[in-house]
file my_file-v1.cif (mmCIF, C-alpha atoms (C1' of nucleotides))
data_query
loop_
_atom_site.group_PDB
_atom_site.id
_atom_site.type_symbol
_atom_site.label_atom_id
_atom_site.label_comp_id
_atom_site.auth_asym_id
_atom_site.auth_seq_id
_atom_site.Cartn_x
_atom_site.Cartn_y
_atom_site.Cartn_z
ATOM 1 C CA MET A 1 5.132 -17.872 2.512
ATOM 2 C CA ASP A 2 4.229 -15.150 0.088
ATOM 3 C CA ALA A 3 0.768 -15.049 1.653
ATOM 4 C CA VAL A 4 2.326 -14.365 5.042
ATOM 5 C CA PHE A 5 4.367 -11.426 3.769
ATOM 6 C CA LYS A 6 1.333 -10.038 1.975
ATOM 7 C CA ALA A 7 -0.805 -10.440 5.067
ATOM 8 C CA LEU A 8 1.720 -8.607 7.215
ATOM 9 C CA ALA A 9 1.940 -5.723 4.753
ATOM 10 C CA ASP A 10 -1.232 -4.061 5.992
ATOM 11 C CA PRO A 11 -1.151 -2.062 9.251
ATOM 12 C CA THR A 12 -4.731 -2.982 10.099
ATOM 13 C CA ARG A 13 -3.864 -6.662 9.925
ATOM 14 C CA ARG A 14 -0.791 -6.186 12.097
ATOM 15 C CA ARG A 15 -3.033 -4.329 14.500
ATOM 16 C CA LEU A 16 -5.399 -7.298 14.555
ATOM 17 C CA LEU A 17 -2.532 -9.636 15.377
ATOM 18 C CA ASP A 18 -1.603 -7.201 18.091
ATOM 19 C CA GLU A 19 -5.062 -7.284 19.594
ATOM 20 C CA LEU A 20 -5.026 -11.055 19.541
ATOM 21 C CA TYR A 21 -1.626 -10.950 21.175
ATOM 22 C CA LYS A 22 -3.085 -8.888 24.000
ATOM 23 C CA GLN A 23 -6.074 -11.181 24.304
ATOM 24 C CA ASP A 24 -6.315 -14.372 22.337
ATOM 25 C CA GLY A 25 -9.505 -15.991 21.107
ATOM 26 C CA GLN A 26 -11.580 -12.883 20.477
ATOM 27 C CA SER A 27 -14.716 -12.972 18.372
ATOM 28 C CA LEU A 28 -15.298 -10.914 15.260
ATOM 29 C CA SER A 29 -17.522 -8.363 16.948
ATOM 30 C CA ALA A 30 -15.090 -8.034 19.837
ATOM 31 C CA LEU A 31 -12.323 -7.184 17.379
ATOM 32 C CA GLU A 32 -14.624 -4.892 15.448
ATOM 33 C CA GLY A 33 -15.134 -2.884 18.619
ATOM 34 C CA ARG A 34 -11.409 -2.253 18.925
ATOM 35 C CA LEU A 35 -10.804 -1.037 15.401
ATOM 36 C CA PRO A 36 -12.070 2.080 13.611
ATOM 37 C CA MET A 37 -13.645 0.073 10.857
ATOM 38 C CA SER A 38 -16.863 -1.668 9.955
ATOM 39 C CA ARG A 39 -17.428 -5.331 10.715
ATOM 40 C CA PHE A 40 -17.006 -6.200 7.045
ATOM 41 C CA GLY A 41 -13.609 -4.630 6.783
ATOM 42 C CA VAL A 42 -12.416 -6.517 9.838
ATOM 43 C CA MET A 43 -13.893 -9.715 8.397
ATOM 44 C CA LYS A 44 -11.946 -9.332 5.179
ATOM 45 C CA HIS A 45 -8.695 -8.713 6.999
ATOM 46 C CA LEU A 46 -9.263 -11.675 9.286
ATOM 47 C CA ARG A 47 -9.860 -13.826 6.255
ATOM 48 C CA VAL A 48 -6.507 -12.803 4.781
ATOM 49 C CA LEU A 49 -4.793 -13.560 8.071
ATOM 50 C CA GLU A 50 -6.534 -16.900 8.286
ATOM 51 C CA GLU A 51 -5.570 -17.893 4.735
ATOM 52 C CA ALA A 52 -1.977 -17.032 5.559
ATOM 53 C CA GLY A 53 -2.218 -19.332 8.573
ATOM 54 C CA LEU A 54 -1.526 -16.492 10.969
ATOM 55 C CA VAL A 55 -4.897 -16.891 12.640
ATOM 56 C CA LYS A 56 -6.722 -20.090 13.524
ATOM 57 C CA THR A 57 -10.432 -20.070 14.238
ATOM 58 C CA ARG A 58 -12.959 -22.127 16.086
ATOM 59 C CA LYS A 59 -16.691 -21.706 16.305
ATOM 60 C CA ARG A 60 -18.378 -21.536 19.662
ATOM 61 C CA GLY A 61 -22.097 -21.314 19.241
ATOM 62 C CA ARG A 62 -22.903 -18.385 17.055
ATOM 63 C CA GLU A 63 -19.579 -16.698 17.437
ATOM 64 C CA LYS A 64 -16.279 -17.406 15.717
ATOM 65 C CA LEU A 65 -13.234 -17.170 17.913
ATOM 66 C CA HIS A 66 -9.886 -16.109 16.501
ATOM 67 C CA PHE A 67 -6.589 -17.413 17.794
ATOM 68 C CA LEU A 68 -3.142 -16.127 17.011
ATOM 69 C CA ASN A 69 -0.839 -18.659 15.366
ATOM 70 C CA PRO A 70 2.793 -17.575 15.563
ATOM 71 C CA VAL A 71 4.112 -20.521 13.524
ATOM 72 C CA PRO A 72 4.215 -18.760 10.120
ATOM 73 C CA ILE A 73 5.952 -15.763 11.667
ATOM 74 C CA ARG A 74 8.475 -18.126 13.151
ATOM 75 C CA LEU A 75 9.024 -19.706 9.746
ATOM 76 C CA VAL A 76 9.507 -16.321 8.115
ATOM 77 C CA HIS A 77 11.975 -15.528 10.825
ATOM 78 C CA ASP A 78 13.919 -18.760 10.415
ATOM 79 C CA ARG A 79 13.964 -19.009 6.653
ATOM 80 C CA TRP A 80 14.143 -15.379 5.662
ATOM 81 C CA VAL A 81 14.677 -12.700 8.294
ATOM 82 C CA SER A 82 17.584 -14.418 9.994
ATOM 83 C CA LYS A 83 19.420 -14.566 6.687
ATOM 84 C CA TYR A 84 19.447 -10.777 6.455
ATOM 85 C CA ALA A 85 19.392 -9.834 10.114
ATOM 86 C CA GLU A 86 22.439 -11.949 10.863
ATOM 87 C CA PRO A 87 25.128 -9.929 9.031
ATOM 88 C CA TRP A 88 24.954 -7.212 11.652
ATOM 89 C CA ALA A 89 28.653 -6.546 11.714
ATOM 90 C CA ALA A 90 28.640 -6.236 7.951
ATOM 91 C CA ALA A 91 25.963 -3.554 8.187
ATOM 92 C CA LEU A 92 28.077 -1.544 10.596
ATOM 93 C CA THR A 93 30.980 -1.853 8.218
ATOM 94 C CA GLY A 94 28.727 -0.537 5.459
ATOM 95 C CA LEU A 95 27.664 2.393 7.600
ATOM 96 C CA LYS A 96 31.281 3.218 8.343
ATOM 97 C CA HIS A 97 31.941 3.070 4.631
ATOM 98 C CA ASP A 98 29.009 5.402 3.887
ATOM 99 C CA LEU A 99 30.253 7.950 6.377
ATOM 100 C CA GLU A 100 33.664 7.918 4.822
ATOM 101 C CA GLU A 101 32.076 8.428 1.419
ATOM 102 C CA ASP A 102 30.680 11.837 2.356
ATOM 103 C CA MET B 103 8.364 0.547 9.566
ATOM 104 C CA ASP B 104 5.185 0.214 7.586
ATOM 105 C CA ALA B 105 7.182 0.985 4.443
ATOM 106 C CA VAL B 106 9.462 -1.958 5.185
ATOM 107 C CA PHE B 107 6.582 -4.393 5.561
ATOM 108 C CA LYS B 108 4.997 -3.077 2.382
ATOM 109 C CA ALA B 109 8.277 -3.335 0.510
ATOM 110 C CA LEU B 110 8.750 -6.933 1.589
ATOM 111 C CA ALA B 111 5.242 -7.879 0.516
ATOM 112 C CA ASP B 112 6.159 -8.225 -3.142
ATOM 113 C CA PRO B 113 8.007 -11.351 -4.320
ATOM 114 C CA THR B 114 9.884 -9.434 -7.006
ATOM 115 C CA ARG B 115 11.297 -7.092 -4.391
ATOM 116 C CA ARG B 116 12.321 -9.970 -2.154
ATOM 117 C CA ARG B 117 13.960 -11.482 -5.198
ATOM 118 C CA LEU B 118 15.881 -8.252 -5.734
ATOM 119 C CA LEU B 119 17.108 -8.310 -2.151
ATOM 120 C CA ASP B 120 18.104 -11.881 -2.780
ATOM 121 C CA GLU B 121 20.135 -10.954 -5.842
ATOM 122 C CA LEU B 122 21.852 -8.210 -3.892
ATOM 123 C CA TYR B 123 22.520 -10.699 -1.136
ATOM 124 C CA LYS B 124 24.277 -12.945 -3.632
ATOM 125 C CA GLN B 125 26.207 -10.042 -5.082
ATOM 126 C CA ASP B 126 26.051 -6.621 -3.542
ATOM 127 C CA GLY B 127 26.407 -3.343 -5.373
ATOM 128 C CA GLN B 128 24.821 -4.300 -8.677
ATOM 129 C CA SER B 129 23.681 -1.716 -11.186
ATOM 130 C CA LEU B 130 20.148 -1.361 -12.457
ATOM 131 C CA SER B 131 20.841 -3.009 -15.809
ATOM 132 C CA ALA B 132 22.679 -5.858 -14.108
ATOM 133 C CA LEU B 133 19.612 -6.523 -11.965
ATOM 134 C CA GLU B 134 17.327 -6.130 -14.946
ATOM 135 C CA GLY B 135 19.225 -8.943 -16.651
ATOM 136 C CA ARG B 136 18.450 -11.307 -13.787
ATOM 137 C CA LEU B 137 14.740 -10.689 -13.599
ATOM 138 C CA PRO B 138 11.983 -11.449 -16.107
ATOM 139 C CA MET B 139 10.858 -7.849 -16.253
ATOM 140 C CA SER B 140 11.545 -4.622 -18.081
ATOM 141 C CA ARG B 141 14.031 -2.092 -16.778
ATOM 142 C CA PHE B 142 11.200 0.188 -15.708
ATOM 143 C CA GLY B 143 9.551 -2.416 -13.568
ATOM 144 C CA VAL B 144 12.821 -3.138 -11.814
ATOM 145 C CA MET B 145 13.391 0.584 -11.352
ATOM 146 C CA LYS B 146 10.052 1.027 -9.631
ATOM 147 C CA HIS B 147 10.690 -1.856 -7.286
ATOM 148 C CA LEU B 148 14.157 -0.616 -6.454
ATOM 149 C CA ARG B 149 12.674 2.760 -5.653
ATOM 150 C CA VAL B 150 10.263 1.188 -3.172
ATOM 151 C CA LEU B 151 13.113 -0.730 -1.567
ATOM 152 C CA GLU B 152 15.202 2.420 -1.396
ATOM 153 C CA GLU B 153 12.432 4.469 0.197
ATOM 154 C CA ALA B 154 12.020 1.754 2.800
ATOM 155 C CA GLY B 155 15.737 2.012 3.504
ATOM 156 C CA LEU B 156 16.333 -1.586 2.502
ATOM 157 C CA VAL B 157 18.626 -0.556 -0.325
ATOM 158 C CA LYS B 158 21.258 2.155 -0.359
ATOM 159 C CA THR B 159 22.591 3.520 -3.613
ATOM 160 C CA ARG B 160 25.661 5.266 -4.896
ATOM 161 C CA LYS B 161 26.415 6.585 -8.332
ATOM 162 C CA ARG B 162 29.554 5.549 -10.137
ATOM 163 C CA GLY B 163 29.817 7.323 -13.429
ATOM 164 C CA ARG B 164 26.687 6.713 -15.418
ATOM 165 C CA GLU B 165 25.573 3.727 -13.431
ATOM 166 C CA LYS B 166 23.783 3.565 -10.102
ATOM 167 C CA LEU B 167 24.959 0.871 -7.756
ATOM 168 C CA HIS B 168 22.575 -0.756 -5.302
ATOM 169 C CA PHE B 169 23.641 -1.986 -1.893
ATOM 170 C CA LEU B 170 21.674 -4.132 0.479
ATOM 171 C CA ASN B 171 20.996 -2.544 3.851
ATOM 172 C CA PRO B 172 19.935 -5.115 6.433
ATOM 173 C CA VAL B 173 19.291 -2.573 9.197
ATOM 174 C CA PRO B 174 15.525 -2.193 8.656
ATOM 175 C CA ILE B 175 15.108 -5.947 8.530
ATOM 176 C CA ARG B 176 16.975 -6.163 11.779
ATOM 177 C CA LEU B 177 14.676 -3.562 13.305
ATOM 178 C CA VAL B 178 11.592 -5.426 12.141
ATOM 179 C CA HIS B 179 13.060 -8.516 13.675
ATOM 180 C CA ASP B 180 13.827 -6.882 16.999
ATOM 181 C CA ARG B 181 10.706 -4.795 17.431
ATOM 182 C CA TRP B 182 8.109 -7.026 15.813
ATOM 183 C CA VAL B 183 9.010 -10.534 14.750
ATOM 184 C CA SER B 184 10.700 -11.512 17.990
ATOM 185 C CA LYS B 185 7.556 -10.615 19.896
ATOM 186 C CA TYR B 186 5.569 -13.251 18.026
ATOM 187 C CA ALA B 187 8.300 -15.761 17.232
ATOM 188 C CA GLU B 188 9.310 -16.019 20.851
ATOM 189 C CA PRO B 189 6.265 -17.806 22.290
ATOM 190 C CA TRP B 190 7.287 -21.033 20.594
ATOM 191 C CA ALA B 191 6.313 -23.243 23.498
ATOM 192 C CA ALA B 192 2.953 -21.517 23.632
ATOM 193 C CA ALA B 193 2.387 -22.393 19.990
ATOM 194 C CA LEU B 194 3.073 -26.043 20.678
ATOM 195 C CA THR B 195 0.661 -25.895 23.568
ATOM 196 C CA GLY B 196 -1.915 -24.425 21.214
ATOM 197 C CA LEU B 197 -1.331 -27.221 18.729
ATOM 198 C CA LYS B 198 -1.775 -29.790 21.447
ATOM 199 C CA HIS B 199 -4.972 -28.039 22.424
ATOM 200 C CA ASP B 200 -6.217 -28.091 18.818
ATOM 201 C CA LEU B 201 -5.562 -31.800 18.505
ATOM 202 C CA GLU B 202 -7.489 -32.485 21.674
ATOM 203 C CA GLU B 203 -10.341 -30.381 20.364
ATOM 204 C CA ASP B 204 -10.973 -32.763 17.446
ATOM 205 C "C1'" DT C 205 -41.652 -19.378 17.733
ATOM 206 C "C1'" DT C 206 -40.311 -15.126 17.764
ATOM 207 C "C1'" DG C 207 -36.842 -11.800 18.119
ATOM 208 C "C1'" DA C 208 -32.275 -10.298 18.954
ATOM 209 C "C1'" DC C 209 -27.579 -11.254 18.027
ATOM 210 C "C1'" DA C 210 -23.245 -13.045 15.389
ATOM 211 C "C1'" DT C 211 -21.542 -14.156 11.313
ATOM 212 C "C1'" DG C 212 -21.462 -14.943 6.016
ATOM 213 C "C1'" DT C 213 -21.992 -13.517 0.850
ATOM 214 C "C1'" DG C 214 -21.967 -10.890 -3.163
ATOM 215 C "C1'" DA C 215 -22.096 -6.594 -5.383
ATOM 216 C "C1'" DC C 216 -20.050 -2.448 -5.659
ATOM 217 C "C1'" DC C 217 -16.660 1.560 -5.677
ATOM 218 C "C1'" DA C 218 -12.307 4.408 -5.017
ATOM 219 C "C1'" DA C 219 -7.684 4.112 -4.609
ATOM 220 C "C1'" DA C 220 -3.292 1.879 -4.720
ATOM 221 C "C1'" DT C 221 -0.272 -1.289 -7.196
ATOM 222 C "C1'" DG C 222 2.449 -3.618 -10.865
ATOM 223 C "C1'" DG C 223 3.741 -3.211 -15.216
ATOM 224 C "C1'" DT C 224 4.817 -1.163 -19.936
ATOM 225 C "C1'" DC C 225 6.188 2.489 -23.077
ATOM 226 C "C1'" DA C 226 7.790 7.019 -25.455
ATOM 227 C "C1'" DC C 227 10.729 10.252 -24.559
ATOM 228 C "C1'" DG C 228 14.467 12.944 -22.138
ATOM 229 C "C1'" DT C 229 19.058 13.515 -19.724
ATOM 230 C "C1'" DA C 230 23.713 12.386 -18.473
ATOM 231 C "C1'" DT C 231 28.099 10.031 -19.079
ATOM 232 C "C1'" DA C 232 31.782 7.011 -21.410
ATOM 233 C "C1'" DG C 233 34.553 5.999 -25.243
ATOM 234 C "C1'" DT C 234 36.296 6.780 -29.798
ATOM 235 C "C1'" DA D 235 31.658 15.975 -31.823
ATOM 236 C "C1'" DC D 236 29.168 11.574 -32.169
ATOM 237 C "C1'" DT D 237 27.298 7.525 -30.763
ATOM 238 C "C1'" DA D 238 26.124 4.021 -27.752
ATOM 239 C "C1'" DT D 239 25.121 3.209 -23.018
ATOM 240 C "C1'" DA D 240 22.840 3.825 -18.382
ATOM 241 C "C1'" DC D 241 19.533 5.901 -15.990
ATOM 242 C "C1'" DG D 242 15.214 9.070 -15.069
ATOM 243 C "C1'" DT D 243 10.286 10.899 -15.793
ATOM 244 C "C1'" DG D 244 5.629 11.029 -16.839
ATOM 245 C "C1'" DA D 245 1.759 9.104 -18.923
ATOM 246 C "C1'" DC D 246 -0.912 5.276 -19.325
ATOM 247 C "C1'" DC D 247 -3.488 0.845 -18.389
ATOM 248 C "C1'" DA D 248 -5.158 -3.607 -16.084
ATOM 249 C "C1'" DT D 249 -5.550 -5.658 -11.882
ATOM 250 C "C1'" DT D 250 -5.636 -5.929 -7.015
ATOM 251 C "C1'" DT D 251 -6.851 -4.069 -2.703
ATOM 252 C "C1'" DG D 252 -9.389 -1.806 1.139
ATOM 253 C "C1'" DG D 253 -13.572 -0.540 2.403
ATOM 254 C "C1'" DT D 254 -18.788 -0.158 2.610
ATOM 255 C "C1'" DC D 255 -23.483 -1.855 2.181
ATOM 256 C "C1'" DA D 256 -27.939 -4.682 1.427
ATOM 257 C "C1'" DC D 257 -29.243 -8.888 2.273
ATOM 258 C "C1'" DA D 258 -29.104 -13.848 3.931
ATOM 259 C "C1'" DT D 259 -28.092 -17.534 7.249
ATOM 260 C "C1'" DG D 260 -27.456 -19.515 11.607
ATOM 261 C "C1'" DT D 261 -27.992 -19.578 16.775
ATOM 262 C "C1'" DC D 262 -29.265 -18.325 21.490
ATOM 263 C "C1'" DA D 263 -32.916 -17.242 24.835
ATOM 264 C "C1'" DA D 264 -37.423 -16.236 26.456
#
call {"tool": "encode", "arguments": {"input": "my_file-v1.cif", "output": "structure tokens"}}
result
Amino acid sequence: MDAVFKALADPTRRRLLDELYKQDGQSLSALEGRLPMSRFGVMKHLRVLEEAGLVKTRKRGREKLHFLNPVPIRLVHDRWVSKYAEPWAAALTGLKHDLEED
Amino acid sequence: MDAVFKALADPTRRRLLDELYKQDGQSLSALEGRLPMSRFGVMKHLRVLEEAGLVKTRKRGREKLHFLNPVPIRLVHDRWVSKYAEPWAAALTGLKHDLEED
DNA sequence: TTGACATGTGACCAAATGGTCACGTATAGT
DNA sequence: ACTATACGTGACCATTTGGTCACATGTCAA
């Protein structure tokens, strides 16, 4: 799961996920065209995403298609984010406390 | 929000959030005692967490107390994670599709 | 089979990151 | 006042990271 957090840390990689969200199954050169970066940069980022399981690929002829895989994000949500995002009321209490502190 | 993602990318920092989750309002030296790292390392990580808004601090005498702030995590959940975690059925469809592809 | 296209590899470099330390400042307790 | 405690700062270093490029491989299409 560490790999997922690390993968999501970079804005370019989140942007790539975003592009795949808009249109799934894009090739490398298609994605390259949408980002202000060379093909090699995009390739490296896609590799990180793929190793984190956030992107699944399939080859069609000479091109490699990239598919978004939301499963790891879901896992991060279930096993980590929900733990902290749940105590919403507690956060409001904390805010109230902070305001009183001033 | 980029700062939040970056802050969460490091396992030590997630560990710190975890320790604050177990017991909120710990001082720097208290946290240092729970991690296999020097005081300075912990300090740097706490600073990153604080700048991302994930940790709020207050000084009590000569010690600085650290409080977990779940708000940014909640925002990441609402404005980012939910977008990808939601299409759960779609992911299952994709899995089915992958299996058929073999 | 030749040429254009899509992707892969390894080297390479600048910058950011994670970590330690020597030293300095502020506060508590006696 | 003195001393131990808690925290802060800046320098410093090794490693990782983000990015580019030259070059190589594989694949379509005429």
call {"tool": "resolve_selection", "arguments": {"input": "my_file-v1.cif", "expression": "the PyMOL selection byres ((chain A) within 9 of (chain C))", "output": "list in words"}}
result
Leu28, Ser29, Arg62, Glu63 and Lys64 of chain A
call {"tool": "write_last_selection", "arguments": {"input": "my_file-v1.cif", "atoms": "C-alpha atoms", "output": "PDB file, in the frame of the given file"}}
result
ATOM      1  CA  LEU A  28     -15.298 -10.914  15.260  1.00  0.00           C
ATOM      2  CA  SER A  29     -17.522  -8.363  16.948  1.00  0.00           C
ATOM      3  CA  ARG A  62     -22.903 -18.385  17.055  1.00  0.00           C
ATOM      4  CA  GLU A  63     -19.579 -16.698  17.437  1.00  0.00           C
ATOM      5  CA  LYS A  64     -16.279 -17.406  15.717  1.00  0.00           C
TER       6      LYS A  64
END
call {"tool": "atom_distance", "arguments": {"input": "my_file-v1.cif", "atom1": "atom C1' of DT239 of chain D", "atom2": "atom CA of Arg115 of chain B"}}
result
25.4 Å
call {"tool": "closest_atom_pairs", "arguments": {"input": "my_file-v1.cif", "of": "chain B", "to": "chain A", "cutoff": "10 Å", "atoms": "all atoms listed in the file", "output": "CSV"}}
result
residue,atom,partner,partner_atom,distance
B:Met103,CA,A:Pro11,CA,9.9
B:Asp104,CA,A:Pro11,CA,6.9
B:Ala105,CA,A:Ala9,CA,8.5
B:Val106,CA,A:Ala9,CA,8.4
B:Phe107,CA,A:Ala9,CA,4.9
B:Lys108,CA,A:Ala9,CA,4.7
B:Ala109,CA,A:Ala9,CA,8.0
B:Leu110,CA,A:Phe5,CA,6.6
B:Ala111,CA,A:Lys6,CA,4.7
B:Asp112,CA,A:Lys6,CA,7.3
B:Pro113,CA,A:Asp2,CA,6.9
B:Arg116,CA,A:Trp80,CA,9.7
B:Leu119,CA,A:Tyr84,CA,9.3
B:Asp120,CA,A:Tyr84,CA,9.4
B:Tyr123,CA,A:Tyr84,CA,8.2
B:Lys158,CA,A:Asp98,CA,9.4
B:Arg160,CA,A:Asp98,CA,9.4
B:Phe169,CA,A:Gly94,CA,9.1
B:Leu170,CA,A:Ala91,CA,8.8
B:Asn171,CA,A:Ala91,CA,6.7
B:Pro172,CA,A:Tyr84,CA,5.7
B:Val173,CA,A:Ala91,CA,6.8
B:Pro174,CA,A:Ala85,CA,8.7
B:Ile175,CA,A:Ala85,CA,6.0
B:Arg176,CA,A:Ala85,CA,4.7
B:Leu177,CA,A:Ala85,CA,8.5
B:Val178,CA,A:Val81,CA,8.8
B:His179,CA,A:Val81,CA,7.0
B:Asp180,CA,A:Ala85,CA,9.3
B:Trp182,CA,A:Arg14,CA,9.7
B:Val183,CA,A:Ile73,CA,6.8
B:Ser184,CA,A:His77,CA,8.3
B:Lys185,CA,A:Tyr21,CA,9.3
B:Tyr186,CA,A:Pro70,CA,5.7
B:Ala187,CA,A:Arg74,CA,4.7
B:Glu188,CA,A:Arg74,CA,8.0
B:Pro189,CA,A:Pro70,CA,7.6
B:Trp190,CA,A:Pro70,CA,7.6
B:Ala192,CA,A:Pro70,CA,9.0
B:Ala193,CA,A:Pro70,CA,6.6
B:Leu194,CA,A:Val71,CA,9.1
B:Gly196,CA,A:Asn69,CA,8.3
B:Leu197,CA,A:Asn69,CA,9.2
B:Asp200,CA,A:Arg58,CA,9.4
B:Glu203,CA,A:Arg58,CA,9.7
call {"tool": "resolve_selection", "arguments": {"input": "my_file-v1.cif", "expression": "the PyMOL selection byres ((chain D) within 10 of (chain B))", "output": "NGL selection string"}}
result
:D and (239-242)
call {"tool": "closest_residue", "arguments": {"input": "my_file-v1.cif", "among": "B:Gly127, B:Leu122, B:Thr114, B:Leu133", "to": "Thr159 of chain B", "atoms": "all atoms listed in the file"}}
result
B:Gly127
call {"tool": "atom_distance", "arguments": {"input": "my_file-v1.cif", "atom1": "atom C1' of DG253 of chain D", "atom2": "atom CA of Ser38 of chain A"}}
result
8.3 Å
call {"tool": "atom_distance", "arguments": {"input": "my_file-v1.cif", "atom1": "atom C1' of DT261 of chain D", "atom2": "atom CA of Lys44 of chain A"}}
result
22.3 Å
call {"tool": "build_atoms", "arguments": {"input": "my_file-v1.cif", "residues": "segment 60-76 of chain A", "atoms": "N, CA and C atoms", "output": "compact mmCIF listing (two decimals), in the frame of the given file"}}
result
# COMPACT_ATOMS: atom_id res chain seq x y z
N ARG A 60 -17.74 -21.20 18.39
CA ARG A 60 -18.38 -21.54 19.66
C ARG A 60 -19.77 -20.94 19.61
N GLY A 61 -20.73 -21.81 19.39
CA GLY A 61 -22.10 -21.31 19.24
C GLY A 61 -22.21 -20.44 18.02
N ARG A 62 -22.72 -19.26 18.22
CA ARG A 62 -22.90 -18.39 17.06
C ARG A 62 -21.72 -17.46 16.84
N GLU A 63 -20.72 -17.58 17.66
CA GLU A 63 -19.58 -16.70 17.44
C GLU A 63 -18.35 -17.49 16.99
N LYS A 64 -17.50 -16.80 16.25
CA LYS A 64 -16.28 -17.41 15.72
C LYS A 64 -15.08 -16.81 16.46
N LEU A 65 -14.35 -17.65 17.12
CA LEU A 65 -13.23 -17.17 17.91
C LEU A 65 -11.95 -17.22 17.10
N HIS A 66 -11.13 -16.22 17.28
CA HIS A 66 -9.89 -16.11 16.50
C HIS A 66 -8.67 -16.25 17.40
N PHE A 67 -7.78 -17.15 17.00
CA PHE A 67 -6.59 -17.41 17.79
C PHE A 67 -5.34 -17.11 16.98
N LEU A 68 -4.42 -16.45 17.63
CA LEU A 68 -3.14 -16.13 17.01
C LEU A 68 -2.33 -17.40 16.82
N ASN A 69 -1.74 -17.53 15.62
CA ASN A 69 -0.84 -18.66 15.37
C ASN A 69 0.53 -18.14 14.93
N PRO A 70 1.49 -18.18 15.85
CA PRO A 70 2.79 -17.58 15.56
C PRO A 70 3.68 -18.42 14.66
N VAL A 71 3.24 -19.61 14.29
CA VAL A 71 4.11 -20.52 13.52
C VAL A 71 4.60 -19.90 12.21
N PRO A 72 3.71 -19.34 11.38
CA PRO A 72 4.22 -18.76 10.12
C PRO A 72 5.22 -17.64 10.34
N ILE A 73 5.00 -16.83 11.37
CA ILE A 73 5.95 -15.76 11.67
C ILE A 73 7.30 -16.37 12.02
N ARG A 74 7.24 -17.43 12.79
CA ARG A 74 8.48 -18.13 13.15
C ARG A 74 9.20 -18.64 11.90
N LEU A 75 8.41 -19.18 10.97
CA LEU A 75 9.02 -19.71 9.75
C LEU A 75 9.67 -18.59 8.94
N VAL A 76 8.94 -17.46 8.82
CA VAL A 76 9.51 -16.32 8.12
C VAL A 76 10.80 -15.88 8.79
